Every structure is written in C-alpha cells, then in structure tokens.
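Structure data (compact mmCIF, C-alpha atoms) from query_20.txt:
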```
# COMPACT_ATOMS: atom_id res chain seq x y z
CA MET X 19 15.36 23.78 -17.71
CA LYS X 20 16.53 20.19 -17.66
CA ILE X 21 13.47 18.07 -18.39
CA GLY X 22 13.56 14.35 -18.88
CA GLU X 23 15.31 12.80 -15.89
CA VAL X 24 14.23 9.30 -14.92
CA ASN X 25 11.74 9.38 -12.05
CA ASP X 26 13.86 7.42 -9.56
CA ARG X 27 12.87 8.64 -6.09
CA THR X 28 15.84 6.86 -4.46
CA ALA X 29 18.49 8.95 -6.25
CA LYS X 30 19.24 12.67 -6.13
CA GLY X 31 18.68 14.40 -9.47
CA ASP X 32 20.22 17.40 -11.17
CA SER X 33 16.90 18.98 -12.13
CA GLU X 34 13.66 20.09 -10.49
CA TYR X 35 11.74 18.43 -13.30
CA VAL X 36 11.19 14.75 -14.02
CA TRP X 37 8.88 12.65 -16.16
CA ALA X 38 6.37 11.21 -13.70
CA LEU X 39 5.28 8.96 -16.59
CA LYS X 40 7.01 8.30 -19.89
CA ASP X 41 6.44 6.02 -22.90
CA ILE X 42 3.20 4.60 -21.50
CA ASN X 43 1.31 2.65 -24.15
CA PHE X 44 -1.34 -0.05 -23.57
CA GLU X 45 -4.91 -1.05 -24.36
CA VAL X 46 -7.63 -2.47 -22.11
CA GLN X 47 -10.56 -4.28 -23.71
CA GLN X 48 -14.16 -4.26 -22.51
CA GLY X 49 -14.70 -6.59 -19.56
CA GLU X 50 -10.98 -6.91 -18.73
CA VAL X 51 -9.71 -6.57 -15.16
CA LEU X 52 -6.21 -5.07 -15.27
CA GLY X 53 -3.93 -4.93 -12.24
CA ILE X 54 -1.29 -2.19 -11.94
CA ILE X 55 1.55 -2.88 -9.50
CA GLY X 56 4.85 -1.29 -8.59
CA ARG X 57 6.73 0.30 -5.71
CA ASN X 58 5.70 3.63 -4.17
CA GLY X 59 6.57 6.43 -6.59
CA ALA X 60 6.43 4.21 -9.69
CA GLY X 61 3.69 6.39 -11.26
CA LYS X 62 0.62 4.21 -10.66
CA SER X 63 -1.59 6.88 -9.12
CA THR X 64 -0.52 9.49 -11.69
CA LEU X 65 -1.49 7.08 -14.46
CA LEU X 66 -4.94 6.59 -12.93
CA LYS X 67 -5.44 10.35 -12.59
CA ILE X 68 -4.73 10.76 -16.29
CA LEU X 69 -7.11 7.90 -17.17
CA SER X 70 -9.76 9.50 -14.94
CA ARG X 71 -9.11 12.85 -16.66
CA THR X 72 -8.40 14.68 -13.43
CA THR X 73 -4.87 15.34 -14.76
CA ALA X 74 -3.97 16.10 -18.37
CA PRO X 75 -0.94 14.42 -19.99
CA THR X 76 1.93 16.67 -21.11
CA THR X 77 2.12 14.75 -24.38
CA GLY X 78 0.12 11.93 -25.91
CA TYR X 79 -3.56 11.11 -25.53
CA VAL X 80 -6.04 8.77 -23.87
CA LYS X 81 -9.00 7.26 -25.72
CA ILE X 82 -11.85 6.04 -23.53
CA LYS X 83 -15.19 4.63 -24.67
CA GLY X 84 -17.72 4.57 -21.84
CA ARG X 85 -18.47 6.28 -18.54
CA VAL X 86 -15.66 6.23 -15.99
CA ALA X 87 -16.10 6.02 -12.21
CA SER X 88 -12.85 6.40 -10.26
CA LEU X 89 -11.91 5.94 -6.63
CA LEU X 90 -8.44 7.46 -6.39
CA GLU X 91 -8.19 8.62 -2.79
CA VAL X 92 -10.42 9.02 0.24
CA GLY X 93 -12.88 11.81 -0.46
CA THR X 94 -12.57 11.93 -4.24
CA GLY X 95 -15.81 13.24 -5.78
CA PHE X 96 -17.56 13.93 -2.46
CA HIS X 97 -18.60 17.34 -1.16
CA PRO X 98 -17.76 17.38 2.57
CA GLU X 99 -20.68 19.64 3.53
CA LEU X 100 -23.29 17.44 1.84
CA SER X 101 -24.83 14.36 3.41
CA GLY X 102 -24.14 10.84 2.22
CA ARG X 103 -27.57 10.84 0.52
CA ASP X 104 -26.88 14.08 -1.38
CA ASN X 105 -23.42 12.89 -2.45
CA ILE X 106 -24.91 9.70 -3.93
CA PHE X 107 -27.24 11.77 -6.12
CA LEU X 108 -24.44 14.25 -6.96
CA ASN X 109 -22.10 11.48 -8.13
CA GLY X 110 -24.86 9.86 -10.15
CA ALA X 111 -25.63 13.16 -11.85
CA ILE X 112 -21.95 13.64 -12.71
CA LEU X 113 -22.03 10.19 -14.37
CA GLY X 114 -25.03 11.32 -16.46
CA MET X 115 -27.70 9.27 -14.66
CA THR X 116 -31.26 10.49 -14.09
CA ARG X 117 -32.63 10.92 -10.59
CA ARG X 118 -34.93 7.93 -11.14
CA GLU X 119 -32.00 5.72 -12.15
CA ILE X 120 -30.05 6.76 -9.05
CA GLN X 121 -33.08 6.23 -6.81
CA SER X 122 -33.44 2.66 -8.11
CA LYS X 123 -29.89 1.93 -6.92
CA PHE X 124 -30.03 3.95 -3.70
CA ASP X 125 -31.04 1.22 -1.24
CA GLU X 126 -28.49 -1.19 -2.72
CA ILE X 127 -25.70 1.39 -2.32
CA VAL X 128 -26.58 2.17 1.31
CA ASP X 129 -26.86 -1.52 2.19
CA PHE X 130 -23.48 -2.32 0.60
CA ALA X 131 -21.76 0.60 2.37
CA GLY X 132 -23.32 -0.23 5.74
CA VAL X 133 -23.80 3.46 6.70
CA GLU X 134 -27.62 3.64 6.81
CA ARG X 135 -27.69 5.26 10.24
CA TYR X 136 -25.52 8.17 9.06
CA ILE X 137 -26.75 8.54 5.48
CA ASP X 138 -28.18 12.03 6.23
CA THR X 139 -25.05 13.16 8.13
CA PRO X 140 -22.53 15.43 6.34
CA VAL X 141 -19.72 13.21 5.07
CA LYS X 142 -17.10 15.50 6.65
CA ARG X 143 -18.08 13.80 9.94
CA TYR X 144 -17.47 10.30 8.56
CA SER X 145 -14.43 8.28 9.53
CA SER X 146 -12.02 7.42 6.71
CA GLY X 147 -13.41 3.87 6.72
CA MET X 148 -17.04 5.06 6.37
CA TYR X 149 -15.97 7.51 3.67
CA VAL X 150 -14.32 4.86 1.51
CA ARG X 151 -17.17 2.40 2.09
CA LEU X 152 -19.71 4.84 0.69
CA ALA X 153 -17.40 6.05 -2.08
CA PHE X 154 -16.75 2.52 -3.33
CA ALA X 155 -20.44 1.60 -3.11
CA VAL X 156 -21.36 4.63 -5.21
CA ALA X 157 -18.63 3.99 -7.79
CA ALA X 158 -19.47 0.29 -8.17
CA HIS X 159 -23.28 0.50 -8.21
CA LEU X 160 -23.96 3.50 -10.46
CA GLU X 161 -23.20 1.39 -13.53
CA PRO X 162 -20.08 2.94 -15.06
CA GLU X 163 -18.60 1.05 -18.00
CA ILE X 164 -15.11 1.55 -16.53
CA LEU X 165 -14.24 1.35 -12.82
CA ILE X 166 -10.85 2.70 -11.70
CA VAL X 167 -9.77 1.84 -8.13
CA ASP X 168 -6.57 2.94 -6.40
CA GLU X 169 -5.15 1.58 -3.12
CA VAL X 170 -7.92 3.26 -1.08
CA LEU X 171 -9.42 -0.14 -0.19
CA ALA X 172 -6.56 -0.51 2.31
CA VAL X 173 -8.51 1.93 4.52
CA GLY X 174 -11.38 -0.53 4.96
CA ASP X 175 -11.44 -3.52 7.29
CA ALA X 176 -10.78 -7.08 6.10
CA GLU X 177 -14.49 -7.92 5.73
CA PHE X 178 -15.12 -4.84 3.57
CA GLN X 179 -12.03 -5.46 1.41
CA LYS X 180 -13.30 -8.98 0.69
CA LYS X 181 -16.72 -7.53 -0.15
CA CYS X 182 -15.17 -4.98 -2.55
CA LEU X 183 -13.04 -7.57 -4.35
CA GLY X 184 -16.13 -9.74 -4.80
CA LYS X 185 -18.08 -6.78 -6.22
CA MET X 186 -15.29 -5.89 -8.67
CA LYS X 187 -15.17 -9.50 -9.88
CA ASP X 188 -18.95 -9.44 -10.27
CA VAL X 189 -19.07 -6.23 -12.33
CA SER X 190 -16.38 -7.53 -14.68
CA VAL X 191 -17.41 -11.19 -15.10
CA ASN X 192 -21.20 -10.90 -14.90
CA GLN X 193 -21.76 -7.35 -16.15
CA GLY X 194 -18.94 -7.03 -18.70
CA ARG X 195 -17.44 -3.85 -17.26
CA THR X 196 -13.78 -2.90 -17.29
CA VAL X 197 -11.82 -2.59 -14.02
CA LEU X 198 -8.38 -1.04 -13.46
CA PHE X 199 -7.06 -1.95 -10.02
CA VAL X 200 -3.95 -0.61 -8.25
CA SER X 201 -2.85 -2.44 -5.12
CA HIS X 202 0.19 -3.49 -3.08
CA ASN X 203 -1.74 -6.59 -2.01
CA MET X 204 -0.37 -9.17 -4.44
CA LYS X 205 -2.87 -11.81 -3.34
CA ALA X 206 -5.76 -9.51 -4.23
CA VAL X 207 -4.22 -8.67 -7.61
CA GLN X 208 -3.60 -12.34 -8.43
CA ASN X 209 -7.12 -13.37 -7.42
CA LEU X 210 -8.90 -10.52 -9.21
CA CYS X 211 -6.77 -9.64 -12.25
CA PRO X 212 -5.90 -12.15 -15.00
CA LYS X 213 -3.57 -9.53 -16.53
CA SER X 214 -1.28 -6.95 -14.89
CA ILE X 215 1.15 -4.13 -15.60
CA HIS X 216 4.40 -3.74 -13.64
CA MET X 217 5.64 -0.13 -13.44
CA ILE X 218 9.14 1.09 -12.53
CA ASN X 219 10.13 4.78 -12.27
CA GLY X 220 7.23 6.03 -14.39
CA THR X 221 7.59 3.48 -17.17
CA ILE X 222 5.97 0.15 -17.96
CA ASN X 223 8.41 -2.65 -17.23
CA MET X 224 6.18 -5.59 -18.21
CA ILE X 225 2.63 -6.43 -19.25
CA GLY X 226 1.40 -10.01 -19.02
CA LYS X 227 -0.34 -12.67 -16.98
CA SER X 228 -0.61 -11.66 -13.32
CA PRO X 229 1.30 -14.63 -11.81
CA ASP X 230 4.28 -13.92 -14.11
CA ILE X 231 4.19 -10.17 -13.47
CA ILE X 232 3.91 -10.60 -9.69
CA ASN X 233 6.88 -12.96 -9.72
CA LYS X 234 8.95 -10.38 -11.64
CA TYR X 235 7.80 -7.65 -9.25
CA GLU X 236 8.92 -9.62 -6.21
CA ASN X 237 12.30 -10.27 -7.83
CA ASN X 238 12.57 -6.53 -8.51
CA VAL X 239 11.87 -5.79 -4.82
CA ILE X 240 14.69 -8.15 -3.85
CA GLU X 241 17.04 -6.28 -6.19
CA TYR X 242 16.30 -3.13 -4.18
CA ASN X 243 17.36 -4.84 -0.92
CA VAL X 244 18.28 -2.01 1.48
CA PHE X 245 20.27 -2.65 4.66
CA ARG X 246 20.89 1.00 5.57
CA THR X 247 19.44 4.38 4.73
CA ASN X 248 21.20 7.67 5.49
CA LYS X 249 18.48 10.06 4.39
CA LYS X 250 17.95 12.63 7.13
CA VAL X 251 14.30 13.29 7.97
CA THR X 252 13.26 16.15 10.26
CA SER X 253 10.17 15.81 12.45
CA SER X 254 7.09 17.93 11.81
CA ASP X 255 7.84 19.99 14.95
CA GLY X 256 11.51 20.40 13.97
CA LYS X 257 12.80 18.94 17.25
CA ILE X 258 14.13 15.56 16.07
CA ASP X 259 16.22 14.44 13.09
CA LEU X 260 16.10 10.80 11.97
CA ILE X 261 19.71 10.34 10.86
CA GLN X 262 19.87 6.68 9.87
CA ALA X 263 18.01 3.38 9.93
CA GLU X 264 20.06 0.21 9.65
CA TYR X 265 19.45 -3.53 9.72
CA LYS X 266 22.27 -5.72 11.10
CA SER X 267 22.94 -9.43 11.04
CA ASN X 268 25.10 -11.35 13.48
CA ASN X 269 27.26 -12.91 10.76
CA LYS X 270 30.22 -11.32 9.01
CA LYS X 271 28.76 -11.87 5.50
CA ASN X 272 25.89 -9.47 6.21
CA GLN X 273 23.44 -12.19 5.20
CA PHE X 274 20.07 -12.45 6.88
CA LEU X 275 19.15 -16.01 7.77
CA ALA X 276 15.73 -17.11 9.01
CA GLY X 277 17.43 -19.00 11.86
CA GLU X 278 19.54 -16.10 13.20
CA GLU X 279 18.89 -13.13 15.42
CA SER X 280 18.92 -9.70 13.71
CA ILE X 281 18.89 -6.08 14.88
CA LEU X 282 17.01 -3.00 13.69
CA SER X 283 18.91 0.16 14.64
CA ILE X 284 17.59 3.75 14.45
CA SER X 285 19.86 6.78 14.94
CA ILE X 286 18.31 10.14 15.86
CA LEU X 287 19.36 13.60 16.98
CA SER X 288 17.27 15.30 19.66
CA LYS X 289 17.69 19.07 19.32
CA GLU X 290 16.37 19.91 22.78
CA LYS X 291 15.03 18.33 25.96
CA GLN X 292 11.66 16.68 25.33
CA SER X 293 9.36 14.01 26.74
CA GLY X 294 6.97 11.27 25.61
CA ILE X 295 8.91 10.17 22.51
CA ALA X 296 7.95 6.69 21.26
CA PHE X 297 9.18 4.63 18.31
CA GLU X 298 7.17 2.21 16.19
CA VAL X 299 8.12 -0.27 13.48
CA PHE X 300 5.72 -1.70 10.85
CA VAL X 301 6.76 -4.91 9.08
CA TYR X 302 5.09 -6.03 5.83
CA ASP X 303 5.57 -9.21 3.81
CA ASN X 304 6.20 -9.23 0.04
CA PHE X 305 2.43 -9.28 -0.62
CA GLY X 306 1.97 -6.02 1.31
CA THR X 307 0.31 -7.76 4.28
CA LEU X 308 1.07 -6.16 7.65
CA VAL X 309 2.88 -8.87 9.62
CA PHE X 310 3.15 -6.98 12.92
CA THR X 311 3.76 -3.61 14.55
CA GLU X 312 5.89 -2.97 17.61
CA TYR X 313 5.87 0.06 19.94
CA THR X 314 8.50 1.18 22.40
CA GLU X 315 7.74 2.78 25.75
CA GLN X 316 7.79 6.56 25.90
CA TYR X 317 11.25 8.09 26.41
CA ASN X 318 12.32 11.40 27.90
CA LEU X 319 15.25 12.74 25.86
CA ASN X 320 17.89 15.35 26.51
CA ALA X 321 19.54 17.21 23.65
CA GLY X 322 21.96 14.87 21.89
CA ALA X 323 22.37 11.80 19.68
CA TYR X 324 20.65 8.49 20.43
CA GLU X 325 20.62 5.00 18.94
CA ILE X 326 17.52 2.85 19.45
CA ALA X 327 17.94 -0.88 18.82
CA CYS X 328 15.26 -3.53 18.43
CA ILE X 329 16.46 -7.15 18.67
CA LEU X 330 14.46 -9.54 16.49
CA PRO X 331 14.67 -13.18 17.58
CA ALA X 332 16.02 -16.10 15.57
CA TYR X 333 13.49 -18.33 13.81
CA PHE X 334 10.92 -15.57 13.66
CA PHE X 335 11.13 -14.42 10.03
CA ASN X 336 10.55 -16.73 7.11
CA ALA X 337 12.77 -17.03 4.03
CA GLN X 338 11.21 -14.14 2.08
CA THR X 339 11.39 -10.36 1.67
CA TYR X 340 10.07 -8.00 4.34
CA THR X 341 9.59 -4.23 4.15
CA TYR X 342 10.06 -2.02 7.22
CA SER X 343 8.43 1.33 7.93
CA ILE X 344 9.34 3.46 10.96
CA GLY X 345 7.32 6.01 12.91
CA ILE X 346 8.19 8.39 15.75
CA SER X 347 5.36 9.87 17.83
CA ARG X 348 4.92 12.04 20.88
CA ASN X 349 2.72 10.67 23.70
CA TYR X 350 1.46 7.95 21.32
CA GLN X 351 -0.44 10.60 19.35
CA GLU X 352 0.04 11.39 15.65
CA PHE X 353 3.44 10.70 14.09
CA ILE X 354 5.98 13.51 14.00
CA ILE X 355 8.10 11.33 11.67
CA LYS X 356 6.76 8.54 9.42
CA CYS X 357 9.09 6.84 6.92
CA ASP X 358 7.45 4.22 4.69
CA GLU X 359 9.46 1.41 3.06
CA ILE X 360 12.66 2.66 4.67
CA LEU X 361 14.30 -0.80 4.71
CA ILE X 362 13.77 -3.89 2.54
CA ILE X 363 15.32 -7.09 3.89
CA THR X 364 15.43 -10.55 2.32
CA PHE X 365 15.94 -13.52 4.65
CA GLN X 366 17.54 -16.73 3.38
CA GLU X 367 16.58 -20.24 4.48
CA PRO X 368 19.19 -21.73 6.82
CA ILE X 369 20.86 -25.00 5.84
CA TYR X 370 19.97 -27.86 8.16
CA GLY X 371 22.55 -30.36 6.89
CA GLU X 372 22.02 -33.32 4.64
CA GLY X 373 18.58 -34.19 5.97
CA TYR X 374 16.49 -31.17 4.99
CA GLN X 375 16.62 -27.75 3.39
CA GLY X 376 13.42 -26.00 2.39
CA VAL X 377 11.12 -23.04 2.85
CA HIS X 378 8.43 -23.10 5.54
CA PRO X 379 5.01 -21.92 4.33
CA GLY X 380 3.49 -18.92 6.10
CA ILE X 381 4.31 -15.28 6.83
CA VAL X 382 6.47 -15.98 9.91
CA ARG X 383 8.12 -19.13 11.20
CA PRO X 384 8.47 -19.10 15.00
CA GLN X 385 10.37 -21.91 16.68
CA LEU X 386 7.92 -23.24 19.24
CA LYS X 387 8.50 -25.58 22.16
CA TRP X 388 6.97 -29.04 21.81
CA GLU X 389 6.65 -31.73 24.48
CA ILE X 390 5.77 -35.41 24.32
CA GLU X 391 4.71 -37.53 27.26
CA ASN X 392 4.29 -41.28 27.27
CA LYS X 393 0.87 -41.99 28.79
CA ILE X 394 0.26 -45.35 30.47
CA LEU X 395 -2.91 -46.90 29.08
```
Can you turn what I pasted into structure tokens?
Amino acid sequence: MKIGEVNDRTAKGDSEYVWALKDINFEVQQGEVLGIIGRNGAGKSTLLKILSRTTAPTTGYVKIKGRVASLLEVGTGFHPELSGRDNIFLNGAILGMTRREIQSKFDEIVDFAGVERYIDTPVKRYSSGMYVRLAFAVAAHLEPEILIVDEVLAVGDAEFQKKCLGKMKDVSVNQGRTVLFVSHNMKAVQNLCPKSIHMINGTINMIGKSPDIINKYENNVIEYNVFRTNKKVTSSDGKIDLIQAEYKSNNKKNQFLAGEESILSISILSKEKQSGIAFEVFVYDNFGTLVFTEYTEQYNLNAGAYEIACILPAYFFNAQTYTYSIGISRNYQEFIIKCDEILIITFQEPIYGEGYQGVHPGIVRPQLKWEIENKIL
C-alpha cells in the first residue's frame, strides 16, 4: 500500500490512502481563543475530532488538561429519541457534572437556546437551527474548561451567530476557558481569535496573529484562482452529468475587471427526457459571506448536451476574490447536484485614467444612476 500522499483534494492521486493530517504540532494555553482556518478539505474538522477524542490519531498524541465540550456537527452528542430536557442532563452527565449542577444551569441554557416551547419534544423533530441552538447552549453553559466549535454556527441565523460569538468571547475573557474555533467567516475569526492557525492539505502552514494569518489565507485563495473545472459530477438520480463549469471574461487577456461584464457557463449532459430542471449559483466573498444566490426558471430537457450561461453585469463585483458554488435541482426541491467552491475568481480594479484608481469598500459595487436638478429657491 502506498501511504503518505499529500492530501490535495484538487489533484488525482496514485493511492487510496492519504495523510488527512501530518506533522501537526502546536500548544494552546488556558484562556486562549485559537482560530483554525483553511479551505474545504484542509483537515480542520479531522483535527477537531482528534482533539475531541472522537477519532484516534494514527501516530502521535494529544495532551489535554480539563473537560472538553465539542460542537463538531449538527446532532453531535444528542440522542434523537430523547427530549431537549433529557439531552441537557445526558450531556452534563457525560461531562462529569452532578444533576444538581446541571439543574442550576438549566434555565439559562433553555433561555439562551430559545427553544422553551419544545424543550420536552424529542430532538429528532427539531429543525437544524433549533438543534444547533440547543447544542451550542449546552456546550457553552455546562462549564467545560475547553470549548471546541466547528463551522456548525453557520446553520443558525445572524442574530444567533452574534449571540454565540459573544458567549465564546465571554467564556474566554471573563471565565478563563480555552476556545478552539473553526470558521470560514474571516470577520468572526478576526473579531474573536487573537491567534490563528492556517491549514493547507492536512498540514499547518502558519501560526500567528489572526490579521496576519487571514491575510496569508486570502492570498492563498487567490493563488488557487480557478477559471474552469472539468470534473464530471453525476446527479444523485443518475440522469444528468455536470461536465464543466467555466467563467469567461470579455477581454482577450482572460482578466476579470470590476468594470466589465462576465459570463458563468455550465455544461451538462441530459441522459434522457426530463422536466423541472433548475440551476442555482451561490456567490461568496473572501470572508465566506454569501453575497447573493440566483435561480433559473425550470427547464424541460430532451436527451443531449446543453450549455447554460449566466451574464453578470459590469460594475457589479468589487475588486476582490469571489467563490462560486453551483446547484442543480428538480422542481426547486432538494439538489440532485451540489458543487461547492467550484470556481474561484479574482476581480481587478479597473483603471480610470490619471484622476483616480482605487478599491471601493463593500462586498459589491453596483453602478447606480444619479440625477441632479437645480431647484429655484
């Protein structure tokens, strides 16, 4: 067996085995808040599973002093058949707390989660948002010395995310607990974590102050600038192949300028006659914020090849990096194809001549129509 290939998900390997993590070595002191950032597949979640002791390392060891509460994915640590109330007591017992200690925190947990009406309902009937609300409230309030949080906060709404970030800052600054936080939201990492780790292909690329690490991370994303992907993806029902996604500019240099129109092109193969096929694009900025989504109408397809083009107007995108995800659904129901981070495009600021050249602040930069009228006083 060939073991030891670099864990680069963008390249085809010669072996079935790779190192999901390799040469990982770092320390986190009591009361520190450490951010962990990197592209999808960099090894962040695997690292947290090892630190939470849900996965054992092949080699090496982890030394932890203190109780660990982890929130790795929606549903972690909850029994679906038990009510929210029972799961609170179950999680507290797993952390080694007495029933009286848990009871003293119970009202605070329920109030923070905002699920009082359904606290005696089996959690299998909760929405993903309710699930993660209660799970985070339990993990943060049952007084672990170490709190490990993966990207699950993205499930919650904006108000709850703000509430969670405030709670994590409180437990670290005011209560001296340690927090490890994985997120694609660079603003959240910068606001919460003084120190961060940047991971690439299962290894640690850099450890340092969060502003420096985030800057390096964004530069690394730009290095992975992808104009075209030719990876074939077959739909879950086997009736459509996504052949290619491509981003085109209207200039011969294949540069993307904030002041020029651009085109997103998707090539598919329909294997039989079918109806109700819709396409969706998700566009994120370099902080992981969803800028917008766009749906097509539903199409009826015959067997054959199709190209779907979306024309994006000039002066819409700002001079920064955007990541594109693509989905294909039937009758606007669940996706039969979903490709995350399929294209990464960096737009350059256009040159306006001698008078001005600079970057506009903001996520997008639409060119709006202004009018002035001279009023007679």
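We find atom CA of X:Leu165 and atom CA of X:Arg85 to be spaced 8.7 Å apart.
If you measure from each of X:His159, X:Leu395, X:Ile42, X:Lys81 to X:Ile218 using all atoms listed in the file, the closest one turns out to be X:Ile42.
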Please provide as a CSV table (one decimal) with C-alpha atoms, in the frame of the given file all residues within 12 Å of stretch 313-324 of chain X, with the sequence filter that same-chain residues fewer than 4 positions apart are discarded (counting all atoms listed in the file).
```csv
chain,number,residue,atom,x,y,z
X,257,LYS,CA,12.8,18.9,17.2
X,258,ILE,CA,14.1,15.6,16.1
X,259,ASP,CA,16.2,14.4,13.1
X,260,LEU,CA,16.1,10.8,12.0
X,261,ILE,CA,19.7,10.3,10.9
X,262,GLN,CA,19.9,6.7,9.9
X,263,ALA,CA,18.0,3.4,9.9
X,283,SER,CA,18.9,0.2,14.6
X,284,ILE,CA,17.6,3.8,14.4
X,285,SER,CA,19.9,6.8,14.9
X,286,ILE,CA,18.3,10.1,15.9
X,287,LEU,CA,19.4,13.6,17.0
X,288,SER,CA,17.3,15.3,19.7
X,289,LYS,CA,17.7,19.1,19.3
X,290,GLU,CA,16.4,19.9,22.8
X,291,LYS,CA,15.0,18.3,26.0
X,292,GLN,CA,11.7,16.7,25.3
X,293,SER,CA,9.4,14.0,26.7
X,294,GLY,CA,7.0,11.3,25.6
X,295,ILE,CA,8.9,10.2,22.5
X,296,ALA,CA,8.0,6.7,21.3
X,297,PHE,CA,9.2,4.6,18.3
X,298,GLU,CA,7.2,2.2,16.2
X,299,VAL,CA,8.1,-0.3,13.5
X,300,PHE,CA,5.7,-1.7,10.8
X,301,VAL,CA,6.8,-4.9,9.1
X,328,CYS,CA,15.3,-3.5,18.4
X,344,ILE,CA,9.3,3.5,11.0
X,345,GLY,CA,7.3,6.0,12.9
X,346,ILE,CA,8.2,8.4,15.8
X,347,SER,CA,5.4,9.9,17.8
X,348,ARG,CA,4.9,12.0,20.9
X,349,ASN,CA,2.7,10.7,23.7
X,350,TYR,CA,1.5,8.0,21.3
X,351,GLN,CA,-0.4,10.6,19.4
```
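The list of residues with at least one atom within 12 Å of X:Ile68, based on all atoms listed in the file and without residues fewer than 2 positions apart in the same chain, reads Ala38, Leu39, Ile42, Gly61, Lys62, Ser63, Thr64, Leu65, Leu66, Ser70, Arg71, Thr72, Thr73, Ala74, Pro75, Thr76, Thr77, Gly78, Tyr79, Val80, Lys81, Ile82, Val86, Ser88, Leu90 and Ile166 of chain X.
Each of X:Glu389, X:Thr307, X:Gln273, X:Gly256 was compared to X:Gln366 using all atoms listed in the file, and X:Gln273 turns out to be the nearest.
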Self-check item: Atomic distance atom CA of X:Arg246 - atom CA of X:Ile326, expressed in Å with one decimal
Solution: 14.4 Å
Quiz item: If we count all atoms listed in the file, what is near stretch 207-212 of chain X at a cut-off of 7 Å, once residues fewer than 2 positions away on the same chain are taken out, given as a ChimeraX atom specification?
Solution: /X:51-53,187,201,203-205,214,227-229
Exercise. Find the residues near X:Met224: any atom within 10 Å, counting all atoms listed in the file, skip ones fewer than 6 places away on the same chain, and give them as number ranges by chain.
Key: X: 214-218, 230-231, 234-235
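Here atom CA of X:Gln121 and atom CA of X:Phe199 stand 27.5 Å from one another.
For the choices X:Asn304, X:Thr311, X:Asn58, X:Ser146, the atom-to-atom distance to X:Gln338 is smallest for X:Asn304 when using all atoms listed in the file.
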